[in-house]
$ cat start-v6.txt   # compact mmCIF, C-alpha atoms
# COMPACT_ATOMS: atom_id res chain seq x y z
CA MET R 1 -17.90 -16.52 -43.90
CA SER R 2 -16.72 -15.74 -47.44
CA THR R 3 -19.17 -15.19 -50.28
CA ARG R 4 -18.22 -18.53 -51.82
CA GLU R 5 -18.82 -20.37 -48.54
CA ALA R 6 -22.10 -18.55 -47.95
CA VAL R 7 -23.43 -19.35 -51.43
CA PHE R 8 -22.53 -23.01 -51.01
CA VAL R 9 -24.10 -23.39 -47.56
CA ALA R 10 -27.25 -21.56 -48.66
CA GLY R 11 -27.42 -23.77 -51.74
CA LEU R 12 -27.20 -26.91 -49.61
CA ASP R 13 -29.99 -25.64 -47.34
CA ALA R 14 -32.21 -24.83 -50.31
CA ARG R 15 -31.68 -28.26 -51.82
CA VAL R 16 -32.53 -29.96 -48.51
CA ASP R 17 -35.73 -27.90 -48.38
CA ARG R 18 -36.65 -29.14 -51.86
CA ILE R 19 -36.04 -32.75 -50.81
CA LEU R 20 -38.35 -32.28 -47.83
CA GLN R 21 -40.99 -30.89 -50.17
CA ASP R 22 -40.59 -33.36 -53.05
CA CYS R 23 -39.83 -36.72 -51.44
CA SER R 24 -42.97 -38.83 -51.05
CA ALA R 25 -41.21 -41.39 -48.82
CA CYS R 26 -42.28 -44.16 -51.19
CA GLY R 27 -39.30 -46.27 -50.09
CA ARG R 28 -38.19 -47.36 -53.57
CA CYS R 29 -34.67 -46.10 -52.90
CA VAL R 30 -34.42 -48.32 -49.83
CA GLU R 31 -35.79 -51.32 -51.69
CA VAL R 32 -33.15 -51.18 -54.45
CA CYS R 33 -30.18 -50.36 -52.19
CA PRO R 34 -27.65 -53.23 -52.57
CA THR R 35 -25.91 -52.59 -49.26
CA ALA R 36 -28.78 -51.75 -46.93
CA GLU R 37 -29.05 -55.35 -45.75
CA PRO R 38 -25.27 -55.88 -45.30
CA GLY R 39 -25.27 -52.54 -43.47
CA GLY R 40 -27.73 -53.84 -40.89
CA VAL R 41 -30.65 -51.65 -41.99
CA ASP R 42 -34.07 -52.94 -40.98
CA ARG R 43 -36.03 -52.37 -44.18
CA ARG R 44 -39.18 -54.31 -43.46
CA ASP R 45 -40.86 -50.92 -43.72
CA PRO R 46 -38.90 -48.97 -46.41
CA THR R 47 -41.25 -46.02 -46.13
CA GLN R 48 -40.40 -45.60 -42.45
CA VAL R 49 -36.68 -45.70 -43.22
CA VAL R 50 -37.09 -42.76 -45.58
CA ARG R 51 -39.27 -40.92 -43.06
CA ASP R 52 -36.46 -41.34 -40.53
CA VAL R 53 -34.09 -39.71 -43.02
CA LEU R 54 -36.46 -36.84 -43.71
CA ALA R 55 -36.88 -36.23 -39.99
CA ILE R 56 -33.11 -35.92 -39.58
CA LEU R 57 -32.93 -33.53 -42.52
CA GLY R 58 -35.69 -31.51 -40.90
CA GLY R 59 -33.70 -31.21 -37.69
CA ALA R 60 -35.79 -33.46 -35.44
CA GLY R 61 -34.73 -37.00 -36.30
CA ASP R 62 -33.38 -39.89 -34.25
CA PRO R 63 -29.65 -40.61 -34.77
CA ALA R 64 -30.33 -44.21 -33.68
CA SER R 65 -33.08 -44.81 -36.26
CA ALA R 66 -33.01 -47.15 -39.24
CA GLY R 67 -32.82 -44.10 -41.48
CA ALA R 68 -29.67 -42.87 -39.76
CA ARG R 69 -28.15 -46.32 -40.09
CA TRP R 70 -28.98 -46.36 -43.78
CA ALA R 71 -27.30 -43.00 -44.31
CA GLU R 72 -24.20 -43.99 -42.37
CA THR R 73 -23.75 -47.25 -44.31
CA CYS R 74 -24.43 -45.83 -47.78
CA THR R 75 -21.77 -47.02 -50.25
CA GLY R 76 -22.81 -44.79 -53.14
CA SER R 77 -23.85 -47.45 -55.63
CA GLY R 78 -26.33 -45.02 -57.17
CA ARG R 79 -29.15 -47.44 -57.93
CA CYS R 80 -31.43 -45.29 -55.82
CA ILE R 81 -31.06 -42.38 -58.24
CA THR R 82 -32.75 -44.10 -61.17
CA ALA R 83 -35.32 -45.72 -58.86
CA CYS R 84 -36.67 -42.39 -57.59
CA ASN R 85 -39.83 -41.06 -59.26
CA ASP R 86 -39.91 -37.85 -57.20
CA GLY R 87 -36.98 -36.09 -58.85
CA VAL R 88 -34.85 -36.51 -55.72
CA ASN R 89 -31.25 -37.71 -55.73
CA PRO R 90 -31.29 -40.13 -52.77
CA ARG R 91 -27.50 -40.43 -52.75
CA PHE R 92 -27.24 -36.69 -52.13
CA MET R 93 -30.12 -36.94 -49.64
CA LEU R 94 -28.14 -39.47 -47.60
CA ALA R 95 -24.96 -37.40 -47.88
CA MET R 96 -26.81 -34.45 -46.37
CA THR R 97 -28.26 -36.73 -43.69
CA ARG R 98 -24.73 -37.62 -42.63
CA VAL R 99 -23.85 -33.92 -42.58
CA LYS R 100 -26.85 -33.21 -40.34
CA LEU R 101 -25.82 -36.03 -38.00
CA ASN R 102 -22.29 -34.61 -37.81
CA GLU R 103 -23.63 -31.13 -37.12
CA ALA R 104 -24.53 -32.36 -33.63
CA LYS R 105 -20.81 -31.96 -32.92
CA ALA R 106 -19.23 -28.60 -32.19
CA ALA R 107 -18.06 -26.59 -35.18
CA GLU R 108 -14.46 -26.64 -33.89
CA GLN R 109 -14.52 -30.44 -33.70
CA ARG R 110 -15.89 -30.73 -37.22
CA ARG R 111 -13.23 -28.42 -38.59
CA ALA R 112 -10.51 -30.32 -36.75
CA THR R 113 -11.78 -33.66 -38.07
CA GLY R 114 -11.86 -32.42 -41.64
CA GLN R 115 -8.42 -30.82 -41.35
CA LYS R 116 -6.89 -33.98 -39.88
CA ALA R 117 -8.30 -36.10 -42.69
CA PHE R 118 -7.00 -33.63 -45.27
CA ASN R 119 -3.54 -33.51 -43.69
CA THR R 120 -3.30 -37.31 -43.59
CA MET R 121 -4.35 -37.56 -47.23
CA SER R 122 -1.93 -34.81 -48.27
CA GLN R 123 1.00 -36.47 -46.54
CA GLY R 124 0.28 -39.81 -48.18
CA VAL R 125 -0.02 -38.25 -51.63
CA LYS R 126 3.14 -36.19 -51.16
CA VAL R 127 5.27 -39.11 -50.01
CA LEU R 128 4.07 -41.76 -52.45
CA SER R 129 4.07 -39.50 -55.50
CA ARG R 130 7.56 -38.13 -54.84
CA LEU R 131 8.96 -41.61 -54.33
CA GLN R 132 7.67 -42.69 -57.72
CA LEU R 133 7.93 -39.63 -59.96
CA PRO R 134 10.49 -36.96 -60.82
CA ALA R 135 9.82 -33.65 -59.06
CA ASP R 136 9.07 -31.79 -62.28
CA LEU R 137 6.44 -34.34 -63.26
CA VAL R 138 4.83 -34.16 -59.82
CA GLY R 139 4.73 -30.41 -60.26
CA ARG R 140 3.09 -30.68 -63.67
CA VAL R 141 0.30 -32.84 -62.32
CA THR R 142 -0.28 -31.22 -58.94
CA ARG R 143 0.33 -27.51 -59.54
CA SER R 144 -2.61 -25.23 -58.92
CA ALA R 145 -2.00 -22.40 -61.40
CA HIS R 146 -3.16 -23.39 -64.88
CA ALA R 147 -4.98 -20.35 -66.20
CA ASN R 148 -3.55 -17.99 -68.81
CA GLU R 149 -0.99 -20.48 -70.10
CA GLY R 150 -1.78 -20.24 -73.78
CA PRO R 151 -4.87 -21.30 -75.74
CA ALA R 152 -7.75 -22.73 -73.75
CA PRO R 153 -7.62 -26.53 -73.59
CA ASP R 154 -10.49 -28.58 -74.92
CA VAL R 155 -10.81 -30.37 -71.59
CA VAL R 156 -9.44 -30.41 -68.08
CA LEU R 157 -8.26 -33.78 -66.80
CA TYR R 158 -9.02 -33.69 -63.09
CA LEU R 159 -7.12 -36.51 -61.43
CA GLY R 160 -8.12 -35.68 -57.87
CA CYS R 161 -5.72 -36.38 -55.02
CA ASN R 162 -5.31 -40.04 -54.21
CA VAL R 163 -4.57 -41.41 -57.67
CA MET R 164 -1.13 -39.88 -57.16
CA ARG R 165 -0.42 -42.68 -54.70
CA THR R 166 -0.46 -44.98 -57.75
CA PRO R 167 0.81 -42.51 -60.35
CA HIS R 168 1.35 -45.06 -63.11
CA ILE R 169 -2.45 -44.98 -63.55
CA ALA R 170 -2.47 -41.21 -63.96
CA LEU R 171 0.44 -41.32 -66.42
CA LEU R 172 -1.26 -43.99 -68.52
CA CYS R 173 -4.44 -41.93 -68.61
CA MET R 174 -2.45 -38.99 -69.98
CA ASP R 175 -0.71 -41.29 -72.47
CA VAL R 176 -4.12 -42.30 -73.81
CA LEU R 177 -5.34 -38.70 -74.05
CA ASP R 178 -2.16 -37.87 -75.95
CA ARG R 179 -2.84 -40.69 -78.42
CA ILE R 180 -6.38 -39.55 -79.13
CA GLY R 181 -5.22 -35.99 -79.67
CA ALA R 182 -7.00 -34.36 -76.75
CA ARG R 183 -5.81 -30.88 -75.81
CA TYR R 184 -5.98 -30.93 -72.04
CA ALA R 185 -4.80 -29.27 -68.86
CA VAL R 186 -4.10 -31.43 -65.82
CA PHE R 187 -5.26 -30.66 -62.29
CA GLY R 188 -4.50 -32.93 -59.37
CA GLY R 189 -3.19 -33.23 -55.87
CA PRO R 190 -4.28 -31.61 -52.58
CA ALA R 191 -3.96 -28.08 -53.99
CA ASN R 192 -6.94 -28.96 -56.19
CA CYS R 193 -9.11 -30.75 -53.64
CA CYS R 194 -12.84 -31.34 -54.18
CA GLY R 195 -13.60 -30.67 -50.50
CA VAL R 196 -15.09 -34.08 -49.78
CA LEU R 197 -13.08 -34.67 -46.60
CA GLN R 198 -14.34 -31.47 -45.02
CA PHE R 199 -17.86 -32.16 -46.25
CA ARG R 200 -17.87 -35.64 -44.72
CA ALA R 201 -16.79 -34.15 -41.42
CA GLY R 202 -19.74 -31.75 -41.50
CA ASP R 203 -17.55 -28.68 -42.06
CA THR R 204 -19.65 -27.37 -44.93
CA LYS R 205 -18.13 -23.88 -44.87
CA THR R 206 -14.62 -25.16 -45.56
CA ALA R 207 -15.94 -27.72 -48.05
CA GLY R 208 -17.63 -24.92 -49.98
CA ARG R 209 -14.48 -22.82 -50.05
CA VAL R 210 -12.17 -25.68 -51.04
CA GLY R 211 -14.46 -27.18 -53.66
CA GLY R 212 -15.44 -23.75 -54.96
CA ASN R 213 -11.81 -22.72 -55.40
CA THR R 214 -11.13 -25.85 -57.42
CA VAL R 215 -14.16 -25.28 -59.64
CA ALA R 216 -13.00 -21.69 -60.18
CA GLY R 217 -9.58 -22.97 -61.19
CA PHE R 218 -11.13 -25.24 -63.79
CA ALA R 219 -13.29 -22.42 -65.12
CA ALA R 220 -10.27 -20.12 -65.45
CA THR R 221 -8.76 -22.43 -68.08
CA GLY R 222 -11.65 -21.76 -70.45
CA ALA R 223 -12.18 -25.49 -71.03
CA ALA R 224 -15.75 -26.48 -71.87
CA THR R 225 -15.50 -29.88 -70.16
CA VAL R 226 -13.87 -31.23 -67.02
CA LEU R 227 -13.11 -34.94 -67.02
CA THR R 228 -12.73 -36.53 -63.60
CA TRP R 229 -10.76 -39.64 -62.83
CA CYS R 230 -11.71 -40.20 -59.20
CA PRO R 231 -15.34 -41.24 -58.63
CA THR R 232 -15.35 -39.54 -55.24
CA CYS R 233 -14.45 -36.24 -56.90
CA ASN R 234 -17.00 -36.83 -59.65
CA ILE R 235 -19.80 -37.31 -57.12
CA GLN R 236 -18.63 -34.51 -54.81
CA LEU R 237 -18.40 -31.94 -57.58
CA GLY R 238 -21.29 -33.21 -59.70
CA GLU R 239 -23.82 -33.86 -56.93
CA VAL R 240 -22.73 -31.61 -54.07
CA VAL R 241 -20.57 -28.62 -55.04
CA MET R 242 -21.77 -27.51 -58.46
CA PRO R 243 -25.54 -28.00 -57.98
CA SER R 244 -25.28 -26.06 -54.70
CA THR R 245 -23.47 -23.10 -56.26
CA HIS R 246 -25.22 -22.85 -59.64
CA ALA R 247 -28.98 -22.54 -60.00
CA SER R 248 -29.08 -24.82 -63.03
CA PRO R 249 -26.67 -26.93 -65.12
CA SER R 250 -26.85 -24.31 -67.87
CA GLN R 251 -25.25 -21.79 -65.49
CA ALA R 252 -22.29 -24.04 -64.67
CA PRO R 253 -19.00 -22.84 -66.19
CA PHE R 254 -18.28 -26.25 -67.75
CA ALA R 255 -19.73 -29.70 -68.27
CA LEU R 256 -18.59 -32.43 -65.88
CA ASP R 257 -17.96 -35.95 -67.19
CA HIS R 258 -15.71 -38.91 -66.51
CA VAL R 259 -12.61 -39.55 -68.56
CA VAL R 260 -13.32 -43.24 -69.24
CA PRO R 261 -16.52 -42.76 -71.28
CA PHE R 262 -14.80 -39.76 -72.94
CA ILE R 263 -12.01 -42.06 -74.12
CA ALA R 264 -14.47 -44.81 -75.08
CA SER R 265 -16.38 -42.36 -77.29
CA ARG R 266 -13.14 -41.80 -79.24
CA LEU R 267 -12.27 -45.46 -79.56
CA ASP R 268 -11.90 -45.33 -83.34
CA THR R 269 -8.95 -42.98 -82.90
CA LEU R 270 -7.46 -44.95 -80.03
CA ARG R 271 -7.83 -48.28 -81.78
CA ALA R 272 -5.25 -47.25 -84.39
CA HIS R 273 -2.65 -47.14 -81.60
CA PHE R 274 -3.28 -50.74 -80.49
CA VAL R 275 -0.22 -52.10 -82.26
CA HIS R 276 0.43 -55.11 -80.01
CA ARG R 277 -1.72 -58.15 -79.29
CA VAL R 278 -2.50 -58.80 -75.65
CA ASP R 279 -3.39 -62.49 -75.53
CA ARG R 280 -4.96 -62.69 -72.08
CA ARG R 281 -8.13 -63.78 -70.34
CA VAL R 282 -9.18 -61.01 -68.00
CA ALA R 283 -12.06 -60.14 -65.67
CA LEU R 284 -13.13 -56.61 -64.81
CA HIS R 285 -13.55 -55.59 -61.18
CA GLU R 286 -16.66 -53.40 -61.37
CA HIS R 287 -18.40 -50.64 -59.42
CA PRO R 288 -21.61 -48.99 -60.67
CA GLY R 289 -21.46 -45.65 -58.84
CA VAL R 290 -20.51 -43.39 -61.79
CA ALA R 291 -22.64 -43.96 -64.86
CA GLY R 292 -20.86 -45.04 -68.03
CA VAL R 293 -17.51 -45.95 -66.51
CA THR R 294 -17.87 -49.73 -66.44
CA GLU R 295 -19.43 -49.71 -69.89
CA GLY R 296 -16.62 -47.51 -71.20
CA ALA R 297 -13.88 -49.67 -69.70
CA LEU R 298 -15.41 -52.81 -71.20
CA LYS R 299 -15.71 -51.13 -74.59
CA ILE R 300 -12.05 -50.08 -74.52
CA LEU R 301 -10.83 -53.47 -73.33
CA GLY R 302 -12.97 -55.18 -75.97
CA ALA R 303 -11.08 -53.34 -78.71
CA ILE R 304 -7.65 -54.64 -77.63
CA PRO R 305 -6.48 -57.37 -80.03
CA GLY R 306 -6.23 -60.79 -78.40
CA LEU R 307 -8.00 -59.86 -75.16
CA THR R 308 -10.79 -62.09 -73.86
CA ILE R 309 -13.09 -60.66 -71.19
CA VAL R 310 -14.67 -63.02 -68.66
CA ASP R 311 -17.71 -62.01 -66.60
CA LEU R 312 -17.23 -63.32 -63.05
CA GLU R 313 -20.89 -62.54 -62.27
CA GLN R 314 -20.07 -60.94 -58.94
CA PRO R 315 -22.17 -58.32 -57.08
CA ARG R 316 -21.59 -54.79 -58.33
CA VAL R 317 -21.84 -52.33 -55.46
CA GLY R 318 -20.36 -49.03 -54.32
CA TYR R 319 -18.50 -46.52 -56.46
CA MET R 320 -14.98 -47.68 -55.51
CA CYS R 321 -13.63 -50.22 -53.02
CA ASN R 322 -13.02 -47.68 -50.28
CA SER R 323 -16.66 -46.55 -50.49
CA LEU R 324 -17.48 -49.94 -48.95
CA ALA R 325 -15.73 -48.99 -45.70
CA PRO R 326 -19.07 -48.66 -43.82
CA VAL R 327 -19.70 -52.40 -44.43
CA PRO R 328 -16.25 -53.92 -43.75
CA ALA R 329 -17.28 -57.55 -43.30
CA TYR R 330 -19.32 -57.44 -46.50
CA LYS R 331 -16.37 -55.90 -48.36
CA ARG R 332 -14.02 -58.64 -47.20
CA ALA R 333 -16.51 -61.26 -48.30
CA LEU R 334 -16.91 -59.60 -51.70
CA HIS R 335 -13.15 -59.48 -52.23
CA ALA R 336 -12.70 -63.10 -51.18
CA ARG R 337 -15.49 -64.33 -53.46
CA GLU R 338 -14.22 -62.35 -56.43
CA LEU R 339 -10.63 -63.49 -56.02
CA GLU R 340 -11.72 -67.13 -55.84
CA ALA R 341 -14.06 -66.67 -58.81
CA ALA R 342 -11.21 -65.20 -60.84
CA ALA R 343 -8.98 -68.15 -59.94
CA ALA R 344 -11.73 -70.62 -60.83
CA ALA R 345 -12.29 -68.88 -64.17
CA GLY R 346 -8.62 -69.24 -65.02
CA VAL R 347 -8.08 -65.57 -65.81
CA ASP R 348 -4.65 -64.14 -66.37
CA ALA R 349 -5.56 -60.83 -64.73
CA LEU R 350 -8.16 -59.28 -62.48
CA VAL R 351 -8.52 -55.79 -63.90
CA GLY R 352 -9.64 -52.77 -61.92
CA VAL R 353 -10.63 -49.28 -62.99
CA TYR R 354 -10.03 -47.10 -59.94
CA HIS R 355 -6.96 -46.36 -57.86
CA ALA R 356 -8.42 -47.24 -54.44
CA CYS R 357 -9.48 -50.65 -55.73
CA HIS R 358 -5.95 -51.21 -56.98
CA ARG R 359 -4.45 -50.29 -53.62
CA GLU R 360 -6.73 -52.71 -51.78
CA LEU R 361 -6.49 -55.65 -54.18
CA CYS R 362 -3.05 -55.64 -55.79
CA ALA R 363 -1.18 -57.46 -52.97
CA HIS R 364 -3.36 -60.53 -53.56
CA GLU R 365 -1.26 -61.15 -56.65
CA THR R 366 1.24 -62.81 -54.31
CA THR R 367 -1.10 -65.72 -53.50
CA TYR R 368 -3.44 -66.00 -56.50
CA PRO R 369 -2.54 -67.37 -59.94
CA PHE R 370 -3.24 -64.14 -61.82
CA ARG R 371 -2.06 -60.55 -61.96
CA VAL R 372 -3.97 -57.62 -60.48
CA VAL R 373 -3.70 -54.62 -62.79
CA ASN R 374 -5.46 -51.44 -63.80
CA PHE R 375 -7.26 -51.62 -67.12
CA LEU R 376 -5.08 -48.81 -68.47
CA GLU R 377 -2.04 -51.06 -68.04
CA LEU R 378 -3.53 -53.36 -70.68
CA VAL R 379 -4.29 -50.36 -72.87
CA GLY R 380 -0.68 -49.26 -72.44
CA GLU R 381 0.58 -52.72 -73.32
CA ALA R 382 -1.47 -52.67 -76.52
CA MET R 383 0.02 -49.25 -77.35
CA GLY R 384 3.57 -50.30 -76.48
CA VAL R 385 3.73 -48.08 -73.40
CA ASP R 386 5.02 -49.31 -70.04
CA ARG R 387 4.53 -47.39 -66.81
CA PRO R 388 6.01 -49.39 -63.91
CA ASP R 389 3.74 -50.01 -60.92
CA LEU R 390 6.14 -49.36 -58.06
CA PHE R 391 3.30 -49.16 -55.56
CA LYS R 392 2.32 -52.78 -56.21
CA GLN R 393 5.91 -53.91 -55.87
CA TRP R 394 6.03 -52.39 -52.40
CA LYS R 395 2.55 -53.52 -51.44
CA MET R 396 3.27 -57.13 -52.33
CA MET R 397 6.20 -57.18 -49.91
CA GLN R 398 3.80 -56.69 -46.96
CA ASP R 399 6.82 -55.61 -44.92
CA VAL R 400 7.46 -51.93 -44.19
CA ASP R 401 11.07 -52.43 -43.09
CA ARG R 402 11.90 -54.32 -46.26
CA VAL R 403 10.35 -51.58 -48.37
CA LEU R 404 12.28 -48.85 -46.56
CA ALA R 405 15.52 -50.78 -47.05
CA GLU R 406 14.90 -51.00 -50.79
CA ILE R 407 13.89 -47.37 -51.34
CA GLY R 408 16.45 -45.64 -49.15
CA GLY R 409 18.02 -43.97 -52.17
CA GLN R 410 14.66 -42.70 -53.42
CA ILE R 411 13.82 -41.30 -49.98
CA ALA R 412 17.08 -39.35 -49.90
CA ALA R 413 16.76 -38.16 -53.51
CA ALA R 414 13.24 -36.88 -52.87
CA GLY R 415 14.33 -35.10 -49.67
CA LEU R 416 11.70 -36.90 -47.60
CA ASP R 417 11.79 -37.58 -43.87
CA VAL R 418 12.32 -41.28 -43.16
CA ASP R 419 9.85 -41.32 -40.25
CA ALA R 420 7.17 -39.70 -42.42
CA VAL R 421 7.80 -42.28 -45.14
CA ARG R 422 7.56 -45.09 -42.60
CA GLU R 423 4.22 -43.80 -41.35
CA VAL R 424 2.80 -43.48 -44.85
CA MET R 425 4.10 -46.89 -45.90
CA ALA R 426 2.62 -48.55 -42.82
CA THR R 427 -0.80 -47.23 -43.82
CA ALA R 428 -0.38 -47.97 -47.53
CA ILE R 429 1.05 -51.46 -47.16
CA LEU R 430 -0.68 -52.83 -44.08
CA GLY R 431 -3.51 -50.42 -43.25
CA GLU R 432 -5.22 -50.44 -46.63
CA GLN R 433 -5.56 -54.21 -46.77
CA PRO R 434 -9.20 -55.03 -45.94
CA LEU R 435 -8.79 -58.71 -46.77
CA PRO R 436 -5.52 -60.15 -45.42
CA VAL R 437 -3.22 -61.60 -48.04
CA GLY R 438 -3.79 -65.33 -48.41
CA ARG R 439 -6.18 -67.80 -50.03
CA PHE R 440 -9.82 -67.72 -48.99
CA PHE R 441 -12.56 -70.16 -49.91
CA PRO R 442 -15.91 -68.49 -49.20
CA GLU R 443 -19.04 -70.58 -49.23

$ encode --input "start-v6.txt" --output "structure tokens"
Amino acid sequence: MSTREAVFVAGLDARVDRILQDCSACGRCVEVCPTAEPGGVDRRDPTQVVRDVLAILGGAGDPASAGARWAETCTGSGRCITACNDGVNPRFMLAMTRVKLNEAKAAEQRRATGQKAFNTMSQGVKVLSRLQLPADLVGRVTRSAHANEGPAPDVVLYLGCNVMRTPHIALLCMDVLDRIGARYAVFGGPANCCGVLQFRAGDTKTAGRVGGNTVAGFAATGAATVLTWCPTCNIQLGEVVMPSTHASPSQAPFALDHVVPFIASRLDTLRAHFVHRVDRRVALHEHPGVAGVTEGALKILGAIPGLTIVDLEQPRVGYMCNSLAPVPAYKRALHARELEAAAAAGVDALVGVYHACHRELCAHETTYPFRVVNFLELVGEAMGVDRPDLFKQWKMMQDVDRVLAEIGGQIAAAGLDVDAVREVMATAILGEQPLPVGRFFPE
């Protein structure tokens, strides 16, 4: 085990020990959890649910208990964090509970599971990004060597991996940073992974190495702040990797924040670039998992001339649509209700923040009387910047063969294998579609 891996694993163990010492099992975290009930968690006795979790963390718990079920169906909404009076982060507590449950499997199996997930992700990012972007631009965003390339940037923009499946979002984010005058370096793609896939599989050693290498790459730039885009990366680095490798926040090599509130805090500068009216009624598709992001997006949208924001008054859960995977029926119901609410409200667009939400929702534009866009597309429109959403064009076809027929030239130009493209497209177009395309009228 390398030093970096050893420090990370020891840090995780020490943090679990502190949870076992500090948690009073009051049950408040269970009481406020918005997806415990949809997840099938019996919470008539919230205190017992937490005791189940603590028993698993202590190495003697029941994998069939209500506490295990709660951990396995956690969607990362984060309400538990502010509800806790013991100084415990229950979202991290449940993440470690899942790790402990996975550690019942052989180490080789855990490594294989993490590696398979990483390989699948990498292939999808490689194919979809190269089909939509010039090779030099892909290289700029996904390269791994950024240190010693001139003056230290003010910030690092950390895109994560999967936003490169919908690269127009990443490009628009960089367009905005350019307009507000931020000096930034860009990190993204599988070469700069946060390690979450290995961590989820219970392969903590590899997760520590992968995440630690990425943190070291950020630190080497000399930037004082790293701005994440992906909420998964934000939580993995901010709640798992960095607190387990640095004794205190003051010892961390940089501050970690999210790019949306960063942009919102510089709205006066950005506002000067809103040179076009955007006369639309829009509704924001919201997730509460990363503090300040929804508020920042609403603040930015509210500054766009002509834009009217409608509150659909829908449940706000999870940190991104794919975080709701443990409660699939509930997710389908949420999507159906929100789409119908948006239609009833007469909006021109249902506006998301995150890339995974866009992938799961954008095809519904074919059957609903409004567009499905990322909020940065509206910001771009106000600035006079257009970044085509090729992913949505393909997704709306809902036909892999038709897509392949239309992009044959792009496949050849990018030097990609047709069978690999077919496999990725099948997952992107049909696999990531929790709610089938069509009209739904939930009660």

$ residues_around --input "start-v6.txt" --residues "segment 296-301 of chain R" --least-positions-apart "3" --cutoff "7 Å" --atoms "only C-alpha atoms" --output "count of residues only"
7

$ residues_around --input "start-v6.txt" --residues "Ala420 of chain R" --least-positions-apart "6" --cutoff "10 Å" --atoms "all atoms listed in the file" --output "PyMOL selection string"
chain R and resi 123-124+127+426

$ closest_residue --input "start-v6.txt" --among "R:Val385, R:Ala412, R:Ala95, R:Cys74" --to "Pro326 of chain R" --atoms "all atoms listed in the file"
R:Cys74

$ closest_residue --input "start-v6.txt" --among "R:Asp52, R:Ala223, R:Met425, R:Val351" --to "Gly67 of chain R" --atoms "all atoms listed in the file"
R:Asp52

$ residues_around --input "start-v6.txt" --residues "Arg110 of chain R" --least-positions-apart "6" --cutoff "10 Å" --atoms "all atoms listed in the file" --output "list of chain:residue names"
R:Asn102, R:Glu103, R:Ala104, R:Lys116, R:Gln198, R:Phe199, R:Arg200, R:Ala201, R:Gly202, R:Asp203, R:Thr204

$ write_last_selection --input "start-v6.txt" --atoms "C-alpha atoms" --output "PDB file, keeping the file's coordinate frame"
ATOM      1  CA  ASN R 102     -22.290 -34.610 -37.810  1.00  0.00           C
ATOM      2  CA  GLU R 103     -23.630 -31.130 -37.120  1.00  0.00           C
ATOM      3  CA  ALA R 104     -24.530 -32.360 -33.630  1.00  0.00           C
ATOM      4  CA  LYS R 116      -6.890 -33.980 -39.880  1.00  0.00           C
ATOM      5  CA  GLN R 198     -14.340 -31.470 -45.020  1.00  0.00           C
ATOM      6  CA  PHE R 199     -17.860 -32.160 -46.250  1.00  0.00           C
ATOM      7  CA  ARG R 200     -17.870 -35.640 -44.720  1.00  0.00           C
ATOM      8  CA  ALA R 201     -16.790 -34.150 -41.420  1.00  0.00           C
ATOM      9  CA  GLY R 202     -19.740 -31.750 -41.500  1.00  0.00           C
ATOM     10  CA  ASP R 203     -17.550 -28.680 -42.060  1.00  0.00           C
ATOM     11  CA  THR R 204     -19.650 -27.370 -44.930  1.00  0.00           C
TER      12      THR R 204
END

$ residues_around --input "start-v6.txt" --residues "Gly352 of chain R" --least-positions-apart "2" --cutoff "12 Å" --atoms "only C-alpha atoms" --output "PyMOL selection string"
chain R and resi 169+282-287+293-294+297-298+301+320-321+338+349-350+354-362+371-378

$ atom_distance --input "start-v6.txt" --atom1 "atom CA of Asp257 of chain R" --atom2 "atom CA of Val210 of chain R"
20.0 Å
